[in-house]
$ cat target_34.csv   # CSV, C-alpha atoms and all ligand atoms
chain,number,residue,atom,x,y,z
O,1,MET,CA,8.9,0.7,23.7
O,2,LYS,CA,7.3,-1.6,21.1
O,3,ILE,CA,6.6,0.3,17.8
O,4,ILE,CA,4.5,-1.6,15.3
O,5,VAL,CA,5.2,-0.7,11.7
O,6,ILE,CA,2.4,-1.6,9.3
O,7,GLY,CA,4.1,-2.7,6.1
O,8,LYS,CA,7.1,-5.1,5.9
O,9,SER,CA,8.7,-5.2,2.5
O,10,GLY,CA,8.5,-1.5,1.6
O,11,GLN,CA,11.4,0.9,1.5
O,12,LEU,CA,10.4,2.9,4.7
O,13,ALA,CA,9.5,-0.2,6.6
O,14,TRP,CA,12.8,-1.8,5.8
O,15,GLU,CA,14.8,1.3,7.0
O,16,LEU,CA,12.7,1.4,10.2
O,17,ASN,CA,13.5,-2.2,10.9
O,18,GLN,CA,17.2,-1.4,10.7
O,19,LEU,CA,16.8,1.2,13.4
O,20,SER,CA,15.3,-1.2,16.0
O,21,THR,CA,17.2,-1.1,19.3
O,22,ALA,CA,16.7,-2.9,22.6
O,23,GLY,CA,15.0,0.2,24.1
O,24,GLN,CA,12.9,0.9,21.0
O,25,GLU,CA,11.9,-2.3,19.4
O,26,VAL,CA,10.5,-2.0,15.8
O,27,ILE,CA,8.2,-4.8,14.7
O,28,CYS,CA,7.3,-4.7,11.0
O,29,LEU,CA,4.0,-6.5,10.1
O,30,GLY,CA,3.0,-7.4,6.5
O,31,ARG,CA,-0.2,-8.5,4.9
O,32,ASN,CA,0.2,-12.0,6.2
O,33,ASP,CA,0.4,-10.8,9.8
O,34,LEU,CA,-2.7,-8.6,9.9
O,35,ASP,CA,-5.6,-7.5,7.6
O,36,ILE,CA,-5.7,-3.7,7.6
O,37,ASP,CA,-9.2,-3.9,5.9
O,38,ASP,CA,-10.5,-5.2,9.2
O,39,VAL,CA,-10.6,-3.2,12.4
O,40,ALA,CA,-11.0,-6.4,14.6
O,41,SER,CA,-7.9,-8.0,13.0
O,42,ILE,CA,-5.8,-4.8,13.6
O,43,SER,CA,-7.0,-4.6,17.1
O,44,ARG,CA,-6.3,-8.2,17.9
O,45,VAL,CA,-2.7,-8.0,16.6
O,46,LEU,CA,-1.8,-4.7,18.3
O,47,VAL,CA,-3.0,-6.1,21.6
O,48,ALA,CA,-1.2,-9.4,21.1
O,49,PHE,CA,2.1,-7.5,20.4
O,50,ASN,CA,1.5,-5.2,23.4
O,51,ALA,CA,2.1,-2.3,21.0
O,52,ASN,CA,3.1,1.2,22.4
O,53,ALA,CA,2.9,3.0,19.1
O,54,VAL,CA,2.0,2.5,15.4
O,55,ILE,CA,3.8,3.8,12.3
O,56,ASN,CA,1.9,3.2,9.0
O,57,ALA,CA,4.5,2.6,6.3
O,58,SER,CA,2.1,0.7,4.0
O,59,ALA,CA,0.5,2.3,1.0
O,60,TYR,CA,-0.6,1.8,-2.6
O,61,THR,CA,2.4,3.7,-4.2
O,62,ALA,CA,2.0,2.7,-7.8
O,63,VAL,CA,1.1,6.2,-9.0
O,64,ASP,CA,0.2,5.4,-12.6
O,65,ASN,CA,-1.6,2.1,-11.8
O,66,ALA,CA,-3.8,4.0,-9.3
O,67,GLU,CA,-5.4,5.9,-12.2
O,68,SER,CA,-7.1,2.6,-13.4
O,69,ASP,CA,-7.3,0.9,-10.0
O,70,SER,CA,-8.8,3.6,-7.8
O,71,VAL,CA,-10.7,1.0,-5.7
O,72,SER,CA,-7.4,-0.6,-4.5
O,73,ALA,CA,-5.7,2.8,-4.0
O,74,TYR,CA,-8.6,4.1,-1.9
O,75,ALA,CA,-8.8,0.8,0.0
O,76,LEU,CA,-5.2,1.0,1.2
O,77,ASN,CA,-4.5,4.8,1.2
O,78,ALA,CA,-7.8,5.9,2.8
O,79,GLU,CA,-10.1,3.2,4.2
O,80,ALA,CA,-7.2,1.2,5.8
O,81,VAL,CA,-5.7,4.4,7.2
O,82,GLY,CA,-9.1,5.2,8.8
O,83,ASN,CA,-9.2,1.7,10.3
O,84,LEU,CA,-5.7,2.1,11.8
O,85,ALA,CA,-6.6,5.5,13.3
O,86,THR,CA,-9.8,4.0,14.8
O,87,VAL,CA,-7.9,1.2,16.5
O,88,CYS,CA,-5.1,3.5,17.7
O,89,LYS,CA,-7.8,5.7,19.2
O,90,ASP,CA,-9.4,2.7,21.0
O,91,LEU,CA,-6.1,1.6,22.4
O,92,LEU,CA,-4.8,5.1,23.0
O,93,LEU,CA,-1.7,4.6,20.9
O,94,PRO,CA,0.4,7.3,19.2
O,95,PHE,CA,0.0,7.0,15.4
O,96,VAL,CA,2.4,8.2,12.8
O,97,HIS,CA,1.2,8.1,9.1
O,98,ILE,CA,3.2,9.0,6.0
O,99,SER,CA,1.7,11.0,3.2
O,100,THR,CA,2.9,12.6,0.0
O,101,ASP,CA,3.8,15.8,-1.9
O,102,PHE,CA,1.3,14.6,-4.5
O,103,VAL,CA,-1.6,15.9,-2.4
O,104,PHE,CA,-0.5,19.3,-3.8
O,105,HIS,CA,-1.3,20.7,-7.3
O,106,GLY,CA,2.2,22.0,-8.0
O,107,ASP,CA,1.5,25.5,-9.0
O,108,LYS,CA,2.6,27.4,-5.8
O,109,GLY,CA,6.2,28.1,-6.9
O,110,ILE,CA,7.6,28.3,-3.4
O,111,PRO,CA,7.8,25.5,-0.8
O,112,TYR,CA,4.4,24.1,0.4
O,113,LEU,CA,3.5,24.6,4.0
O,114,PRO,CA,1.6,21.8,5.9
O,115,ASN,CA,-1.6,23.8,6.0
O,116,ASP,CA,-1.6,25.0,2.4
O,117,ASP,CA,-4.6,24.0,0.3
O,118,ILE,CA,-4.4,20.6,-1.2
O,119,ASN,CA,-5.5,19.9,-4.7
O,120,PRO,CA,-4.2,16.5,-6.0
O,121,LEU,CA,-3.8,15.9,-9.7
O,122,GLY,CA,-4.3,12.2,-9.7
O,123,VAL,CA,-5.9,9.2,-7.9
O,124,TYR,CA,-2.9,8.4,-5.8
O,125,GLY,CA,-2.7,11.9,-4.4
O,126,ALA,CA,-6.4,12.1,-3.9
O,127,SER,CA,-6.5,8.7,-2.1
O,128,LYS,CA,-3.6,9.8,0.2
O,129,ALA,CA,-5.5,13.1,0.9
O,130,GLU,CA,-8.5,11.1,1.9
O,131,GLY,CA,-6.4,9.1,4.3
O,132,GLU,CA,-5.2,12.4,5.9
O,133,LYS,CA,-8.8,13.6,6.2
O,134,LEU,CA,-9.9,10.4,7.9
O,135,ILE,CA,-7.0,10.7,10.5
O,136,ASN,CA,-8.0,14.3,11.2
O,137,GLU,CA,-11.6,13.3,11.7
O,138,ILE,CA,-11.0,10.2,13.8
O,139,TYR,CA,-7.9,10.7,15.9
O,140,PRO,CA,-6.2,14.1,15.5
O,141,GLU,CA,-5.2,14.4,19.1
O,142,ASN,CA,-2.6,11.7,19.0
O,143,SER,CA,-1.7,11.3,15.3
O,144,ALA,CA,1.1,12.8,13.2
O,145,ILE,CA,0.9,13.0,9.4
O,146,ILE,CA,4.3,13.3,7.8
O,147,ARG,CA,4.3,14.2,4.1
O,148,THR,CA,7.4,13.3,2.1
O,149,SER,CA,8.6,13.1,-1.5
O,150,TRP,CA,10.7,11.2,-4.0
O,151,VAL,CA,11.7,8.4,-1.6
O,152,TYR,CA,14.5,6.0,-2.3
O,153,SER,CA,16.4,3.3,-0.3
O,154,THR,CA,19.0,0.6,-0.9
O,155,HIS,CA,16.0,-1.8,-0.5
O,156,GLY,CA,13.1,-1.9,-3.0
O,157,ASN,CA,12.5,-0.4,-6.4
O,158,ASN,CA,13.1,3.3,-6.8
O,159,PHE,CA,14.5,6.0,-9.2
O,160,VAL,CA,18.1,5.6,-8.1
O,161,LYS,CA,18.2,1.9,-8.7
O,162,THR,CA,16.3,2.2,-12.0
O,163,MET,CA,18.8,4.9,-13.2
O,164,LEU,CA,21.8,2.7,-12.2
O,165,ASN,CA,20.4,-0.2,-14.1
O,166,LEU,CA,19.6,1.9,-17.2
O,167,MET,CA,22.9,3.8,-17.1
O,168,ALA,CA,24.8,0.5,-17.2
O,169,VAL,CA,23.1,-0.6,-20.5
O,170,LYS,CA,21.8,2.4,-22.4
O,171,PRO,CA,23.9,4.8,-24.6
O,172,GLU,CA,21.8,7.8,-23.5
O,173,LEU,CA,18.8,8.8,-21.4
O,174,GLY,CA,16.2,11.6,-21.6
O,175,ILE,CA,15.1,12.6,-18.1
O,176,ILE,CA,12.3,15.1,-17.1
O,177,SER,CA,13.6,18.5,-16.2
O,178,ASP,CA,10.4,20.4,-15.6
O,179,GLN,CA,9.2,18.6,-12.4
O,180,ILE,CA,10.9,20.1,-9.3
O,181,GLY,CA,11.0,18.5,-5.9
O,182,THR,CA,13.3,17.0,-3.3
O,183,PRO,CA,14.8,13.4,-3.3
O,184,THR,CA,14.6,11.8,0.1
O,185,PHE,CA,16.6,8.9,1.5
O,186,ALA,CA,14.2,6.6,3.4
O,187,LYS,CA,16.8,6.1,6.2
O,188,GLY,CA,16.4,9.8,7.2
O,189,LEU,CA,12.7,9.6,6.9
O,190,ALA,CA,12.7,6.5,9.2
O,191,GLN,CA,14.7,8.4,11.8
O,192,ALA,CA,12.2,11.3,11.6
O,193,CYS,CA,9.3,8.9,12.0
O,194,LEU,CA,10.8,7.2,15.1
O,195,LEU,CA,11.6,10.6,16.7
O,196,SER,CA,8.0,11.7,16.0
O,197,VAL,CA,6.7,8.7,17.8
O,198,THR,CA,9.0,9.1,20.8
O,199,LYS,CA,8.3,12.8,21.1
O,200,ARG,CA,4.6,12.4,20.5
O,201,VAL,CA,4.5,14.8,17.6
O,202,THR,CA,0.9,15.5,16.4
O,203,GLY,CA,-0.5,17.4,13.4
O,204,THR,CA,0.6,17.6,9.8
O,205,HIS,CA,4.3,18.1,9.0
O,206,HIS,CA,6.7,17.7,6.1
O,207,TYR,CA,10.0,15.8,6.0
O,208,THR,CA,12.3,15.6,3.0
O,209,ASP,CA,16.1,15.9,2.6
O,210,LEU,CA,17.3,19.5,2.0
O,211,GLY,CA,17.6,21.2,-1.3
O,212,VAL,CA,15.7,21.2,-4.6
O,213,ALA,CA,16.2,19.2,-7.8
O,214,SER,CA,14.5,18.2,-11.0
O,215,TRP,CA,14.5,14.5,-12.0
O,216,TYR,CA,17.2,15.5,-14.5
O,217,ASP,CA,19.4,17.0,-11.8
O,218,PHE,CA,18.8,13.9,-9.7
O,219,ALA,CA,19.8,11.6,-12.6
O,220,VAL,CA,23.0,13.6,-13.3
O,221,ALA,CA,24.0,13.4,-9.6
O,222,ILE,CA,23.3,9.6,-9.6
O,223,GLN,CA,25.6,9.1,-12.5
O,224,SER,CA,28.4,11.3,-11.2
O,225,THR,CA,28.2,9.7,-7.7
O,226,ALA,CA,28.2,6.3,-9.2
O,227,LEU,CA,31.2,7.1,-11.3
O,228,ASP,CA,33.1,8.4,-8.3
O,229,LEU,CA,32.2,5.3,-6.3
O,230,GLY,CA,33.0,2.9,-9.1
O,231,LEU,CA,29.4,1.7,-9.4
O,232,LEU,CA,29.4,2.6,-13.1
O,233,LYS,CA,32.3,2.1,-15.4
O,234,GLN,CA,31.5,4.9,-17.9
O,235,GLY,CA,29.2,7.9,-18.2
O,236,ILE,CA,26.4,8.2,-20.8
O,237,SER,CA,24.7,11.2,-22.2
O,238,ILE,CA,21.7,12.5,-20.1
O,239,ARG,CA,19.3,14.8,-21.9
O,240,PRO,CA,16.8,17.1,-20.2
O,241,ILE,CA,13.3,16.4,-21.6
O,242,THR,CA,9.8,17.9,-20.7
O,243,THR,CA,6.8,16.3,-19.1
O,244,ALA,CA,5.1,16.5,-22.4
O,245,ASP,CA,7.9,14.4,-24.0
O,246,TYR,CA,7.2,11.5,-21.5
O,247,PRO,CA,3.4,11.1,-21.1
O,248,THR,CA,2.2,9.0,-18.1
O,249,PRO,CA,-1.3,7.9,-17.0
O,250,ALA,CA,-1.1,10.1,-13.9
O,251,LYS,CA,-0.4,13.8,-13.9
O,252,ARG,CA,2.4,14.9,-11.5
O,253,PRO,CA,2.9,18.2,-9.8
O,254,HIS,CA,5.5,20.4,-11.6
O,255,TYR,CA,6.7,21.8,-8.3
O,256,SER,CA,6.3,20.0,-5.0
O,257,VAL,CA,9.1,21.2,-2.7
O,258,LEU,CA,7.9,20.9,0.9
O,259,ASP,CA,8.6,23.4,3.8
O,260,LYS,CA,10.0,21.4,6.7
O,261,SER,CA,10.1,24.1,9.3
O,262,SER,CA,7.2,22.9,11.5
O,263,LEU,CA,8.8,19.4,12.0
O,264,VAL,CA,12.2,21.0,12.7
O,265,SER,CA,10.5,23.2,15.4
O,266,ALA,CA,8.7,20.2,16.9
O,267,LEU,CA,11.9,18.1,16.8
O,268,PRO,CA,15.0,20.3,17.3
O,269,GLU,CA,17.2,17.2,17.4
O,270,LEU,CA,16.2,16.2,13.9
O,271,SER,CA,19.2,16.4,11.6
O,272,LEU,CA,18.5,17.3,8.0
O,273,GLU,CA,21.0,16.7,5.3
O,274,HIS,CA,21.2,17.9,1.7
O,275,TRP,CA,19.8,15.4,-0.8
O,276,GLN,CA,23.2,15.1,-2.6
O,277,ALA,CA,24.9,14.1,0.7
O,278,GLN,CA,22.1,11.6,1.4
O,279,LEU,CA,22.4,10.2,-2.2
O,280,LYS,CA,26.1,9.6,-1.6
O,281,ASN,CA,25.3,7.9,1.7
O,282,MET,CA,22.8,5.6,0.0
O,283,MET,CA,25.1,4.8,-2.9
O,284,THR,CA,28.0,4.1,-0.5
O,285,ALA,CA,25.7,1.6,1.2
O,286,ILE,CA,25.0,0.0,-2.2
O,287,LYS,CA,28.7,-0.3,-2.8
O,288,ALA,CA,29.3,-1.9,0.6
O,289,GLU,CA,26.5,-4.4,-0.1
O,290,GLN,CA,28.2,-5.3,-3.4
O,291,SER,CA,31.7,-5.9,-1.9
Y,301,LIG,N1,8.1,6.1,-2.7
Y,301,LIG,C1,8.0,7.5,-2.9
Y,301,LIG,O1,8.6,8.1,-3.7
Y,301,LIG,C2,7.1,8.2,-1.9
Y,301,LIG,C3,6.9,9.6,-2.1
Y,301,LIG,C4,6.0,10.3,-1.2
Y,301,LIG,C5,5.4,9.6,-0.2
Y,301,LIG,N2,5.6,8.3,-0.1
Y,301,LIG,C6,4.9,7.6,1.0
Y,301,LIG,O2,5.8,7.1,1.9
Y,301,LIG,C7,5.3,5.9,2.5
Y,301,LIG,C8,6.3,4.7,2.3
Y,301,LIG,O3,6.5,4.5,0.9
Y,301,LIG,P1,7.5,3.4,0.4
Y,301,LIG,O4,8.3,4.0,-0.8
Y,301,LIG,O5,8.3,2.8,1.5
Y,301,LIG,O6,6.4,2.4,-0.2
Y,301,LIG,P2,6.7,1.0,-0.9
Y,301,LIG,O7,8.1,0.7,-0.9
Y,301,LIG,O8,5.9,0.9,-2.1
Y,301,LIG,O9,6.0,0.0,0.2
Y,301,LIG,C9,4.6,0.0,0.4
Y,301,LIG,C10,4.4,-1.1,1.4
Y,301,LIG,O10,3.0,-1.2,1.6
Y,301,LIG,C11,2.7,-2.6,1.8
Y,301,LIG,N3,1.3,-3.0,1.5
Y,301,LIG,C12,0.6,-2.9,0.4
Y,301,LIG,N4,-0.6,-3.4,0.6
Y,301,LIG,C13,-0.6,-3.8,1.8
Y,301,LIG,C14,-1.6,-4.5,2.6
Y,301,LIG,N5,-2.8,-4.7,2.2
Y,301,LIG,N6,-1.3,-4.8,3.9
Y,301,LIG,C15,-0.1,-4.5,4.4
Y,301,LIG,N7,0.9,-3.9,3.7
Y,301,LIG,C16,0.6,-3.6,2.4
Y,301,LIG,C17,3.6,-3.2,0.7
Y,301,LIG,O11,3.7,-4.6,1.0
Y,301,LIG,P3,4.0,-5.6,-0.2
Y,301,LIG,O12,5.4,-5.4,-0.6
Y,301,LIG,O13,3.7,-6.9,0.4
Y,301,LIG,O14,3.0,-5.2,-1.3
Y,301,LIG,C18,4.9,-2.4,1.0
Y,301,LIG,O15,5.5,-3.0,2.2
Y,301,LIG,C19,4.0,5.6,1.8
Y,301,LIG,O16,2.9,6.1,2.6
Y,301,LIG,C20,4.0,6.5,0.5
Y,301,LIG,O17,2.7,6.9,0.1
Y,301,LIG,C21,6.4,7.6,-0.9

$ encode --input "target_34.csv" --output "structure tokens"
Amino acid sequence: MKIIVIGKSGQLAWELNQLSTAGQEVICLGRNDLDIDDVASISRVLVAFNANAVINASAYTAVDNAESDSVSAYALNAEAVGNLATVCKDLLLPFVHISTDFVFHGDKGIPYLPNDDINPLGVYGASKAEGEKLINEIYPENSAIIRTSWVYSTHGNNFVKTMLNLMAVKPELGIISDQIGTPTFAKGLAQACLLSVTKRVTGTHHYTDLGVASWYDFAVAIQSTALDLGLLKQGISIRPITTADYPTPAKRPHYSVLDKSSLVSALPELSLEHWQAQLKNMMTAIKAEQS
């Protein structure tokens, strides 16, 4: 089975590439390989590769920049997604697309279900919501939308790596404690995407690691795991702060924990792990890369 991944240098694409096997070949394509603004270009490339399925791991993920660059955010997170769905429909290919917890407003207080009302707070979430809508209009019969949250990997830029860099040089850090969600190791997300393709999952679902955290909880766990593994020499003081203390161009949901039960029902073989265990797995991999 040849699975084409759209996106090459991103966190999820990189993890998907690591999972390639002889029986399930993962081919990651970047912006130099195809033009996702152009249906004919996508079609030509998918036919040339003899694709059996498509996973879209590309996205405009710069949440704050999206507020002032909505044209680019919508081009990639909505129009390009519609193009991919159109070509997958023409070629009868299963299509897996990744979306975000930021389609939700954040005022529910208990985990969001896939069919809960969406009400994004910013341009990034709204553009991702538009991408979901286009898939549901164009090719719902053979597409899966998997929403996730707070993604990190050993590859690429993310909160874990930013924290490790800052904790090595700063005497103290203030980290937001009133935004609640779930950190997700991209490796587990990649496994869930591949299983979804293989088992032909359709519809909208959620995948994150297990458990709940604030960014403050996440930072504290990063530091204590790093100290245990010898990735940091000494601890620093980490202070909880509020969203109001750290204004950003884009508003973020205060609570965006996702209910994963529909994906677990569709994929009983899916193994979910607590975010703290996955954080240790990721940081152990960083340690191995350093030695
Ligand atoms: N990161 C998170 O915390 C998070 C949270 C919730 C949901 N998600 C969703 O999860 C998915 C994967 O996220 P990620 O963290 O892996 O994203 P990422 O690391 O930011 O990677 C995004 C990818 O999109 C590619 N891309 C951008 N414009 C492109 C274009 N015109 N043509 C082809 N590729 C293009 C980028 O390529 P270049 O490097 O060449 O620009 C990059 O490979 C996305 O759908 C995202 O919305 C992420």

$ residues_near_ligand --input "target_34.csv" --ligand "ligand LIG 301 (chain Y)" --cutoff "9 Å" --atoms "all atoms listed in the file" --output "JSON, numbers by chain"
{"O": [6, 7, 8, 9, 10, 11, 12, 13, 14, 15, 29, 30, 31, 32, 33, 34, 35, 36, 37, 56, 57, 58, 59, 60, 61, 62, 72, 75, 76, 77, 80, 97, 98, 99, 100, 101, 102, 124, 125, 128, 146, 147, 148, 149, 150, 151, 152, 153, 155, 156, 157, 158, 159, 183, 184, 186, 189]}

$ residues_around --input "target_34.csv" --residues "Asp64 of chain O" --least-positions-apart "6" --cutoff "8 Å" --atoms "only C-alpha atoms" --output "list of chain:residue names"
O:Thr248, O:Pro249, O:Ala250

$ atom_distance --input "target_34.csv" --atom1 "atom CA of Ala192 of chain O" --atom2 "atom CA of Ala266 of chain O"
10.9 Å

$ closest_atom_pairs --input "target_34.csv" --of "segment 174-254 of chain O" --to "segment 136-139 of chain O" --cutoff "12 Å" --atoms "only C-alpha atoms" --output "CSV"
residue,atom,partner,partner_atom,distance
O:Thr202,CA,O:Tyr139,CA,10.0
O:Gly203,CA,O:Asn136,CA,8.4
O:Thr204,CA,O:Asn136,CA,9.3

$ residues_around --input "target_34.csv" --residues "Met283 of chain O" --least-positions-apart "3" --cutoff "10 Å" --atoms "only C-alpha atoms" --output "MDAnalysis selection string"
chainID O and resid 153:154 160:161 222 225:226 229 231 277:280 286:289

$ residues_around --input "target_34.csv" --residues "Ala22 of chain O" --least-positions-apart "2" --cutoff "10 Å" --atoms "all atoms listed in the file" --output "PyMOL selection string"
chain O and resi 1-2+20+24-26

$ closest_residue --input "target_34.csv" --among "O:Leu270, O:Leu93, O:Leu19, O:Leu232" --to "Ala144 of chain O" --atoms "all atoms listed in the file"
O:Leu93

$ atom_distance --input "target_34.csv" --atom1 "atom CA of Ser214 of chain O" --atom2 "atom CA of Gly230 of chain O"
24.1 Å

$ atom_distance --input "target_34.csv" --atom1 "atom CA of Ser41 of chain O" --atom2 "atom CA of Ser68 of chain O"
28.5 Å

$ closest_residue --input "target_34.csv" --among "O:Val103, O:Leu46, O:Val81, O:Ile236" --to "Gly122 of chain O" --atoms "only C-alpha atoms"
O:Val103

$ residues_near_point --input "target_34.csv" --point "(-6.2, 8.9, 4.0)" --cutoff "8 Å" --atoms "only C-alpha atoms" --output "CSV table (one decimal) with C-alpha atoms, keeping the file's coordinate frame"
chain,number,residue,atom,x,y,z
O,74,TYR,CA,-8.6,4.1,-1.9
O,77,ASN,CA,-4.5,4.8,1.2
O,78,ALA,CA,-7.8,5.9,2.8
O,79,GLU,CA,-10.1,3.2,4.2
O,80,ALA,CA,-7.2,1.2,5.8
O,81,VAL,CA,-5.7,4.4,7.2
O,82,GLY,CA,-9.1,5.2,8.8
O,127,SER,CA,-6.5,8.7,-2.1
O,128,LYS,CA,-3.6,9.8,0.2
O,129,ALA,CA,-5.5,13.1,0.9
O,130,GLU,CA,-8.5,11.1,1.9
O,131,GLY,CA,-6.4,9.1,4.3
O,132,GLU,CA,-5.2,12.4,5.9
O,133,LYS,CA,-8.8,13.6,6.2
O,134,LEU,CA,-9.9,10.4,7.9
O,135,ILE,CA,-7.0,10.7,10.5

$ residues_around --input "target_34.csv" --residues "Pro171 of chain O" --least-positions-apart "3" --cutoff "12 Å" --atoms "all atoms listed in the file" --output "PyMOL selection string"
chain O and resi 166-168+174+234-239

$ residues_near_point --input "target_34.csv" --point "(5.9, 19.0, -4.8)" --cutoff "7 Å" --atoms "all atoms listed in the file" --output "VMD selection string"
chain O and resid 101 to 102 104 106 180 to 181 253 to 258

$ closest_residue --input "target_34.csv" --among "O:Thr162, O:Gln191, O:Tyr207, O:Asp245" --to "Ala219 of chain O" --atoms "all atoms listed in the file"
O:Thr162

$ residues_around --input "target_34.csv" --residues "Val87 of chain O" --least-positions-apart "3" --cutoff "6 Å" --atoms "all atoms listed in the file" --output "VMD selection string"
chain O and resid 43 84 90

$ closest_residue --input "target_34.csv" --among "O:Leu267, O:Leu121, O:Leu92, O:Ala73" --to "Leu194 of chain O" --atoms "all atoms listed in the file"
O:Leu267

$ closest_residue --input "target_34.csv" --among "O:Pro114, O:Pro140, O:Gly188, O:Pro94" --to "Ser271 of chain O" --atoms "all atoms listed in the file"
O:Gly188
